[in-house]
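Content type compact mmCIF, C-alpha atoms, from the file upload00.txt:
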```txt
# COMPACT_ATOMS: atom_id res chain seq x y z
CA ALA P 1 96.42 116.31 65.89
CA HIS P 2 95.00 117.65 69.16
CA HIS P 3 94.92 115.16 72.01
CA VAL P 4 92.22 117.03 73.95
CA ALA P 5 89.29 119.06 72.64
CA VAL P 6 86.58 120.78 74.68
CA VAL P 7 83.23 121.28 72.99
CA GLU P 8 80.55 123.40 74.63
CA GLY P 9 76.89 123.26 73.74
CA GLY P 10 73.46 121.86 74.50
CA VAL P 11 71.30 118.98 73.33
CA GLN P 12 72.03 119.41 69.63
CA THR P 13 75.78 119.55 70.21
CA SER P 14 75.63 116.37 72.30
CA THR P 15 73.52 114.69 69.63
CA ASP P 16 76.03 115.61 66.92
CA LEU P 17 78.94 114.37 69.03
CA LEU P 18 77.22 111.03 69.62
CA GLU P 19 77.11 110.46 65.88
CA GLN P 20 80.91 110.28 65.82
CA PRO P 21 82.66 106.88 65.97
CA PHE P 22 84.42 107.29 69.32
CA ASN P 23 86.51 104.45 70.72
CA HIS P 24 84.96 105.00 74.14
CA ILE P 25 82.30 107.27 75.63
CA PHE P 26 82.19 108.31 79.30
CA PHE P 27 78.86 109.82 80.34
CA THR P 28 77.52 111.17 83.63
CA GLY P 29 73.81 111.92 83.89
CA ALA P 30 70.34 110.48 84.33
CA PRO P 31 69.54 106.86 83.41
CA SER P 32 67.11 108.04 80.72
CA LEU P 33 69.94 109.94 79.02
CA GLY P 34 72.34 107.06 79.57
CA LYS P 35 70.08 104.89 77.43
CA ILE P 36 70.30 107.47 74.62
CA VAL P 37 74.09 107.53 74.87
CA MET P 38 74.32 103.73 74.88
CA THR P 39 71.99 103.46 71.87
CA ALA P 40 74.12 105.93 69.92
CA ALA P 41 77.33 104.14 70.93
CA ALA P 42 75.90 100.82 69.74
CA LYS P 43 75.74 102.12 66.16
CA HIS P 44 79.56 102.25 66.12
CA LEU P 45 80.09 99.44 68.68
CA SER P 46 81.80 102.01 70.90
CA SER P 47 82.37 100.96 74.48
CA VAL P 48 80.81 103.10 77.21
CA THR P 49 81.20 104.04 80.85
CA LEU P 50 77.91 105.32 82.27
CA GLU P 51 77.66 106.94 85.70
CA LEU P 52 73.92 107.38 86.11
CA GLY P 53 72.70 107.66 89.70
CA GLY P 54 69.35 106.50 91.05
CA LYS P 55 67.73 106.14 94.46
CA SER P 56 70.57 105.42 96.90
CA PRO P 57 69.10 104.07 100.16
CA THR P 58 70.36 104.58 103.70
CA ILE P 59 69.63 102.13 106.50
CA VAL P 60 69.80 103.03 110.20
CA ASP P 61 69.20 100.07 112.50
CA GLU P 62 68.54 100.06 116.23
CA THR P 63 72.24 99.50 117.06
CA ALA P 64 73.50 102.58 115.20
CA ASN P 65 75.29 105.51 116.81
CA LEU P 66 72.45 107.96 116.22
CA ASP P 67 74.46 111.12 116.83
CA ALA P 68 76.96 110.17 114.14
CA ALA P 69 74.33 108.73 111.82
CA ALA P 70 72.05 111.77 111.89
CA LYS P 71 74.97 114.17 111.45
CA ARG P 72 76.54 112.30 108.53
CA ILE P 73 73.25 111.66 106.75
CA ALA P 74 72.21 115.31 107.17
CA TRP P 75 75.56 116.45 105.79
CA ALA P 76 75.41 114.13 102.77
CA LYS P 77 71.74 114.94 102.04
CA THR P 78 72.11 118.72 102.19
CA LEU P 79 75.59 119.18 100.69
CA ASN P 80 74.94 121.18 97.51
CA SER P 81 71.26 120.94 98.54
CA GLY P 82 71.25 117.24 97.77
CA GLN P 83 72.19 117.79 94.12
CA ILE P 84 74.80 115.02 94.13
CA CYS P 85 74.39 111.69 92.36
CA ILE P 86 75.47 109.68 95.41
CA ALA P 87 73.50 111.67 98.00
CA PRO P 88 71.26 109.59 100.28
CA ASP P 89 67.90 109.48 98.51
CA TYR P 90 65.73 108.02 101.26
CA VAL P 91 66.35 106.50 104.68
CA PHE P 92 65.13 103.35 106.41
CA VAL P 93 65.02 103.86 110.20
CA HIS P 94 64.16 101.12 112.69
CA GLU P 95 60.78 101.90 114.22
CA PHE P 96 62.20 101.80 117.78
CA ILE P 97 64.48 104.79 117.08
CA LYS P 98 62.39 106.82 114.65
CA ASP P 99 61.57 109.73 116.99
CA GLU P 100 65.12 109.97 118.31
CA PHE P 101 66.56 109.94 114.79
CA ILE P 102 64.19 112.71 113.67
CA ALA P 103 65.16 114.87 116.65
CA LYS P 104 68.88 114.38 116.02
CA TYR P 105 68.49 115.01 112.27
CA LYS P 106 66.80 118.33 113.05
CA ASP P 107 69.57 119.22 115.48
CA ALA P 108 72.23 118.42 112.87
CA ILE P 109 70.58 120.66 110.26
CA ALA P 110 70.30 123.50 112.79
CA THR P 111 73.98 123.07 113.73
CA PHE P 112 75.03 123.21 110.06
CA TYR P 113 72.85 126.04 108.83
CA GLY P 114 71.20 127.76 111.81
CA GLU P 115 67.50 128.10 112.48
CA ASN P 116 66.95 129.62 109.03
CA PRO P 117 69.04 127.90 106.34
CA GLN P 118 67.92 130.50 103.80
CA GLU P 119 70.18 133.00 105.55
CA SER P 120 73.14 130.62 105.72
CA SER P 121 76.04 131.20 103.33
CA ALA P 122 76.88 127.50 103.70
CA TYR P 123 73.60 126.30 102.21
CA SER P 124 73.25 126.01 98.43
CA GLN P 125 70.34 126.92 96.22
CA ILE P 126 68.72 124.72 93.57
CA ILE P 127 70.53 124.85 90.23
CA ASN P 128 67.73 126.38 88.15
CA PRO P 129 64.00 127.25 88.23
CA ARG P 130 62.99 124.08 86.36
CA HIS P 131 64.53 121.80 88.98
CA HIS P 132 63.11 123.96 91.76
CA ARG P 133 59.62 123.47 90.31
CA ARG P 134 60.30 119.73 89.98
CA LEU P 135 61.28 119.43 93.65
CA LYS P 136 58.24 121.45 94.73
CA SER P 137 56.02 119.06 92.79
CA VAL P 138 57.77 116.08 94.49
CA LEU P 139 57.02 117.60 97.90
CA ASP P 140 53.43 118.56 97.03
CA ASP P 141 52.73 115.07 95.67
CA ALA P 142 54.07 113.40 98.83
CA LEU P 143 52.02 115.62 101.12
CA LYS P 144 48.90 115.12 99.00
CA LEU P 145 49.30 111.34 99.39
CA GLY P 146 49.51 111.59 103.17
CA ALA P 147 53.18 112.18 104.03
CA LYS P 148 53.91 113.90 107.32
CA LEU P 149 56.16 116.96 107.21
CA GLU P 150 58.63 116.37 110.05
CA MET P 151 60.74 119.43 109.24
CA GLY P 152 61.34 121.98 106.49
CA GLY P 153 59.11 122.36 103.47
CA ARG P 154 59.57 126.09 102.94
CA THR P 155 60.59 127.23 99.48
CA ASP P 156 61.21 130.45 97.58
CA HIS P 157 61.07 130.14 93.81
CA SER P 158 62.57 133.57 93.11
CA SER P 159 65.83 132.71 94.90
CA LYS P 160 65.60 128.95 94.14
CA TYR P 161 65.72 128.21 97.88
CA PHE P 162 64.47 124.85 99.11
CA GLU P 163 64.63 124.21 102.83
CA PRO P 164 66.10 120.92 104.11
CA THR P 165 63.00 118.75 104.37
CA LEU P 166 62.28 115.51 106.22
CA LEU P 167 59.15 113.47 105.49
CA SER P 168 57.68 110.41 107.18
CA ASN P 169 54.72 108.17 106.34
CA VAL P 170 55.54 108.57 102.66
CA ASP P 171 53.36 106.67 100.19
CA PRO P 172 55.44 104.05 98.30
CA ASN P 173 53.74 105.15 95.08
CA SER P 174 54.60 108.82 95.51
CA ILE P 175 57.10 110.52 93.21
CA ALA P 176 59.46 110.87 96.18
CA MET P 177 59.66 107.08 96.50
CA GLN P 178 59.70 106.29 92.79
CA ASP P 179 62.09 108.80 91.18
CA GLU P 180 65.55 110.00 92.15
CA ILE P 181 64.98 113.13 94.25
CA PHE P 182 68.27 114.96 93.62
CA GLY P 183 67.45 117.60 96.20
CA PRO P 184 67.20 118.23 99.96
CA ILE P 185 64.01 116.20 100.53
CA LEU P 186 64.59 113.09 102.67
CA PRO P 187 61.76 110.52 102.91
CA LEU P 188 61.93 108.40 106.07
CA VAL P 189 60.61 104.83 106.05
CA THR P 190 60.37 102.79 109.24
CA PHE P 191 61.12 99.06 109.39
CA GLN P 192 61.07 96.16 111.82
CA SER P 193 63.40 93.63 110.21
CA ILE P 194 66.42 93.72 107.89
CA ASP P 195 64.68 91.28 105.54
CA GLU P 196 61.93 93.86 105.10
CA VAL P 197 64.53 96.44 104.09
CA ILE P 198 66.20 94.07 101.63
CA THR P 199 62.87 93.32 99.97
CA ARG P 200 62.09 97.02 99.60
CA ILE P 201 65.52 97.85 98.16
CA ASN P 202 65.39 94.93 95.71
CA SER P 203 61.97 96.05 94.47
CA LYS P 204 63.70 99.06 92.89
CA GLU P 205 66.50 99.43 90.35
CA LYS P 206 69.99 98.71 91.66
CA PRO P 207 71.34 101.90 93.29
CA LEU P 208 74.60 103.75 92.72
CA ALA P 209 75.31 103.64 96.45
CA MET P 210 73.92 102.20 99.67
CA TYR P 211 74.70 103.47 103.17
CA ILE P 212 74.41 101.36 106.32
CA TYR P 213 74.52 102.75 109.86
CA SER P 214 74.83 99.88 112.32
CA SER P 215 77.03 98.41 115.04
CA ASP P 216 75.82 94.92 114.19
CA ASP P 217 78.24 93.17 111.81
CA ALA P 218 75.66 90.48 111.04
CA ASN P 219 73.12 93.08 109.95
CA CYS P 220 75.71 94.78 107.73
CA LYS P 221 76.70 91.49 106.11
CA HIS P 222 73.07 90.48 105.58
CA LEU P 223 72.31 93.79 103.86
CA ILE P 224 75.38 93.61 101.63
CA ASP P 225 74.83 89.95 100.74
CA GLY P 226 71.12 90.46 100.08
CA THR P 227 71.35 93.50 97.81
CA ARG P 228 73.39 94.83 94.91
CA ALA P 229 74.72 98.37 94.59
CA GLY P 230 77.55 100.25 92.94
CA ALA P 231 79.14 100.90 96.35
CA THR P 232 78.38 100.57 100.04
CA CYS P 233 79.56 102.62 103.01
CA ILE P 234 79.17 101.42 106.58
CA ASN P 235 78.69 104.17 109.19
CA GLN P 236 79.54 106.81 106.61
CA SER P 237 78.05 108.47 103.54
CA MET P 238 79.60 109.40 100.18
CA LEU P 239 83.25 109.23 101.26
CA HIS P 240 83.97 106.25 99.02
CA PHE P 241 83.89 108.71 96.10
CA GLY P 242 87.09 110.37 97.31
CA ASN P 243 89.09 107.17 97.77
CA ASP P 244 91.03 106.40 94.58
CA ASN P 245 91.78 102.90 95.83
CA LEU P 246 88.11 102.06 95.37
CA PRO P 247 86.27 101.63 92.05
CA PHE P 248 83.49 104.14 91.49
CA GLY P 249 80.45 103.35 89.39
CA GLY P 250 77.00 101.86 89.32
CA ILE P 251 75.40 98.63 88.27
CA ASN P 252 72.87 98.23 85.46
CA HIS P 253 70.34 101.07 85.86
CA SER P 254 72.73 103.11 88.00
CA GLY P 255 75.68 102.73 85.66
CA ILE P 256 78.06 100.60 83.66
CA GLY P 257 81.82 100.44 84.20
CA LYS P 258 84.08 101.87 86.89
CA SER P 259 86.31 104.92 87.26
CA HIS P 260 88.84 106.47 89.69
CA GLY P 261 92.43 105.40 90.23
CA ILE P 262 93.65 102.34 88.36
CA TYR P 263 90.03 101.46 87.55
CA GLY P 264 89.60 104.64 85.52
CA PHE P 265 92.91 104.08 83.75
CA LYS P 266 91.81 100.61 82.71
CA GLU P 267 88.38 101.89 81.67
CA PHE P 268 89.99 104.24 79.15
CA SER P 269 92.53 101.67 77.99
CA ASN P 270 92.43 98.79 75.54
CA GLU P 271 94.39 95.86 76.94
CA ARG P 272 96.04 94.80 73.70
CA ALA P 273 97.77 91.40 73.55
CA VAL P 274 101.14 91.29 71.72
CA LEU P 275 103.08 88.07 71.09
CA LYS P 276 106.48 87.85 69.37
CA GLN P 277 108.18 84.58 68.37
CA TRP P 278 111.84 84.92 69.38
CA SER P 279 113.38 81.53 68.51
CA PRO P 280 113.69 80.24 64.92
CA LEU P 281 111.67 77.15 65.76
CA ALA P 282 108.30 76.99 67.50
CA GLY P 283 106.32 74.09 68.88
CA SER P 284 103.56 74.82 66.39
CA ASP P 285 105.99 74.03 63.56
CA PHE P 286 105.89 70.36 64.58
CA MET P 287 102.08 70.18 64.65
CA THR P 288 101.24 71.12 61.09
CA ALA P 289 99.39 68.78 58.70
CA PRO P 290 99.55 66.09 57.62
CA TYR P 291 99.08 64.26 60.93
CA ASN P 292 100.29 60.89 59.64
CA THR P 293 103.06 60.15 62.13
CA LYS P 294 102.89 58.93 65.69
CA ILE P 295 105.03 61.84 66.89
CA LYS P 296 102.74 64.49 65.38
CA ARG P 297 99.61 62.80 66.71
CA ALA P 298 101.18 62.53 70.15
CA LEU P 299 102.13 66.23 70.13
CA VAL P 300 98.62 67.23 69.11
CA ASP P 301 97.08 65.01 71.82
CA ILE P 302 99.36 66.46 74.51
CA THR P 303 98.63 70.01 73.37
CA MET P 304 94.86 69.51 73.38
CA ARG P 305 94.99 67.83 76.79
CA PHE P 306 96.95 70.53 78.59
CA PHE P 307 96.16 73.71 76.64
```

Structure encoded using structure tokens:
Amino acid sequence: AHHVAVVEGGVQTSTDLLEQPFNHIFFTGAPSLGKIVMTAAAKHLSSVTLELGGKSPTIVDETANLDAAAKRIAWAKTLNSGQICIAPDYVFVHEFIKDEFIAKYKDAIATFYGENPQESSAYSQIINPRHHRRLKSVLDDALKLGAKLEMGGRTDHSSKYFEPTLLSNVDPNSIAMQDEIFGPILPLVTFQSIDEVITRINSKEKPLAMYIYSSDDANCKHLIDGTRAGATCINQSMLHFGNDNLPFGGINHSGIGKSHGIYGFKEFSNERAVLKQWSPLAGSDFMTAPYNTKIKRALVDITMRFF
């Protein structure tokens, strides 16, 4: 029998595959599709690992190194034009440093891709026309609801180009703040206190990742203790994915199970218990019915007490 088989196809092929009684299913995709996979797996009681994504927040407090923060957030948000499941989805910036962060974010984008990213060979396009139209509708909806365009916003449907875009004053009910963006649009939300940030994060589904930029250990601990996420990076973005000593995966809506390194090995393994009796006699032989002697009753009592 073949140990590995590769099957190519679309929705129907995936549907047919999910009807098979697999021991384990590993799926990467949107939460809506993860629910379909999990429902299909339940019919055969197959275990699953789901890596799903979601809205991964970034927090930049007033103690952060803004040069490093802006550069690393801009890199993570625009790598592959933001089409990465663990890309920063939106950013909380302390109100005292909002203007400075915006200026440094613009500078970072210009350093990476020049004044016109459309001409840069280092900047990716959107994967297909459908997702380009989706991102354009996300941007249009945000602007219609009062968002301020801090930078970017230019698009070209024919080449699937979408300029790195930064928005502020974004309506909490806009598509940009409700759905995973999966593109180079970065909504910026100002805050005054860490508790305010925690409340906002906890009002949404648990994210696949959370990124904190701060020099204040107390703020970092408060954010980690007050929220739940698949992973957290402090003063960095996305690099946890490349460290095989760390488990990778989400929590609830952003995923089930972990992968990478030993965690992935265990995820695809069944830890099977095996016991072999080596000696001719076993303790259990002296605890069989009937229990009509003091010795047997004493052995049973001792066993129940300590085991």

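Every protein or nucleic acid residue with an atom no more than 6 Å from stretch 13-30 of chain P, counting only C-alpha atoms and leaving out same-chain residues fewer than 5 positions away, appears here: P:Ala40, P:His44, P:Ser46, P:Ser47, P:Val48, P:Thr49, P:Leu50, P:Glu51, P:Leu52.
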
Residue contacts of stretch 70-76 of chain P (7 Å, only C-alpha atoms) excluding same-chain residues fewer than 4 positions away, as a PyMOL selection string | chain P and resi 66+87-88+101+104-105+108-109+236-238

How close does stretch 109-128 of chain P get to stretch 132-149 of chain P? List, as a tab-separated table, each residue of stretch 109-128 of chain P within 8 Å, its nearest atom pair and the distance in Å to one decimal, counting only C-alpha atoms.
```
residue	atom	partner	partner_atom	distance
P:Ile126	CA	P:His132	CA	5.9
P:Ile127	CA	P:His132	CA	7.6
P:Asn128	CA	P:His132	CA	6.3
```

Mind checking which residues fall within 8 Å of P:Asp244, counting only C-alpha atoms, ignoring those fewer than 3 positions away in the same chain, and posting them as a list in words?
->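 After dropping sequence-adjacent residues, the list is Phe241, Pro247, His260, Gly261 and Ile262 of chain P.
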
Emit the selected residues as an mmCIF file, in the coordinates of the input, including C-alpha atoms.
```cif
data_model
loop_
_atom_site.group_PDB
_atom_site.id
_atom_site.type_symbol
_atom_site.label_atom_id
_atom_site.label_comp_id
_atom_site.auth_asym_id
_atom_site.auth_seq_id
_atom_site.Cartn_x
_atom_site.Cartn_y
_atom_site.Cartn_z
ATOM 1 C CA PHE P 241 83.890 108.710 96.100
ATOM 2 C CA PRO P 247 86.270 101.630 92.050
ATOM 3 C CA HIS P 260 88.840 106.470 89.690
ATOM 4 C CA GLY P 261 92.430 105.400 90.230
ATOM 5 C CA ILE P 262 93.650 102.340 88.360
#
```

Given the choices P:Ser56, P:Asp216, P:Val37, P:Thr303, which gets closest to P:Arg228 if the distance is worked out from only C-alpha atoms?
->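 Counting only C-alpha atoms, the residue closest to P:Arg228 is P:Ser56.
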
Report the distance between atom CA of P:Glu119 and atom CA of P:Gly82 in Å, rounded to one decimal place.
->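 Taking atom CA of P:Glu119 and atom CA of P:Gly82, their separation equals 17.6 Å.
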
Between atom CA of P:Ser159 and atom CA of P:Val11, what is the spacing in Å?
->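 One can read the atom CA of P:Val11 to atom CA of P:Ser159 distance as 26.1 Å.
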
Between atom CA of P:Asn235 and atom CA of P:Lys206, what is the spacing in Å?
->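 If I compute the distance from atom CA of P:Lys206 to atom CA of P:Asn235, I get 20.3 Å.
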
So, counting all atoms listed in the file, which residue among P:Glu163, P:Asp195, P:Glu271, P:Asp225 is closest to P:Tyr113?
->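 The answer is P:Glu163, which sits nearest to P:Tyr113.
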
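Distance annotation: of P:Pro117, P:Gly54, P:Pro187, P:Gly34, the residue with the minimal separation from P:Thr155 is P:Pro117; atom set is only C-alpha atoms.
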
Hey, can you pull every residue with an atom no more than 10 Å from (61.0, 128.9, 103.1), using only C-alpha atoms, and send it as a list of chain:residue names?
->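 Those residues, ordered by chain and then number, are P:Asn116, P:Pro117, P:Gln118, P:Gly152, P:Gly153, P:Arg154, P:Thr155, P:Asp156, P:His157, P:Tyr161, P:Phe162, P:Glu163, P:Pro164.
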
Residues at most 8 Å from P:Glu180, counting all atoms listed in the file, excluding those fewer than 4 positions away in the same chain, as a PyMOL selection string?
-> chain P and resi 53-55+89+176

Export of prior selection with C-alpha atoms as a PDB file, keeping the file's coordinate frame:
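Below is the file part00.pdb, written as the result:
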```pdb
ATOM      1  CA  GLY P  53      72.700 107.660  89.700  1.00  0.00           C
ATOM      2  CA  GLY P  54      69.350 106.500  91.050  1.00  0.00           C
ATOM      3  CA  LYS P  55      67.730 106.140  94.460  1.00  0.00           C
ATOM      4  CA  ASP P  89      67.900 109.480  98.510  1.00  0.00           C
ATOM      5  CA  ALA P 176      59.460 110.870  96.180  1.00  0.00           C
TER       6      ALA P 176
END
```

Residues near stretch 276-292 of chain P, cut-off 12 Å, all atoms listed in the file, skip fewer than 3 positions along chain, as number ranges by chain | P: 273, 295-304

Can those selected residues be exported to a file as an mmCIF file, in the coordinates of the input so that it contains C-alpha atoms?
```cif
data_model
loop_
_atom_site.group_PDB
_atom_site.id
_atom_site.type_symbol
_atom_site.label_atom_id
_atom_site.label_comp_id
_atom_site.auth_asym_id
_atom_site.auth_seq_id
_atom_site.Cartn_x
_atom_site.Cartn_y
_atom_site.Cartn_z
ATOM 1 C CA ALA P 273 97.770 91.400 73.550
ATOM 2 C CA ILE P 295 105.030 61.840 66.890
ATOM 3 C CA LYS P 296 102.740 64.490 65.380
ATOM 4 C CA ARG P 297 99.610 62.800 66.710
ATOM 5 C CA ALA P 298 101.180 62.530 70.150
ATOM 6 C CA LEU P 299 102.130 66.230 70.130
ATOM 7 C CA VAL P 300 98.620 67.230 69.110
ATOM 8 C CA ASP P 301 97.080 65.010 71.820
ATOM 9 C CA ILE P 302 99.360 66.460 74.510
ATOM 10 C CA THR P 303 98.630 70.010 73.370
ATOM 11 C CA MET P 304 94.860 69.510 73.380
#
```
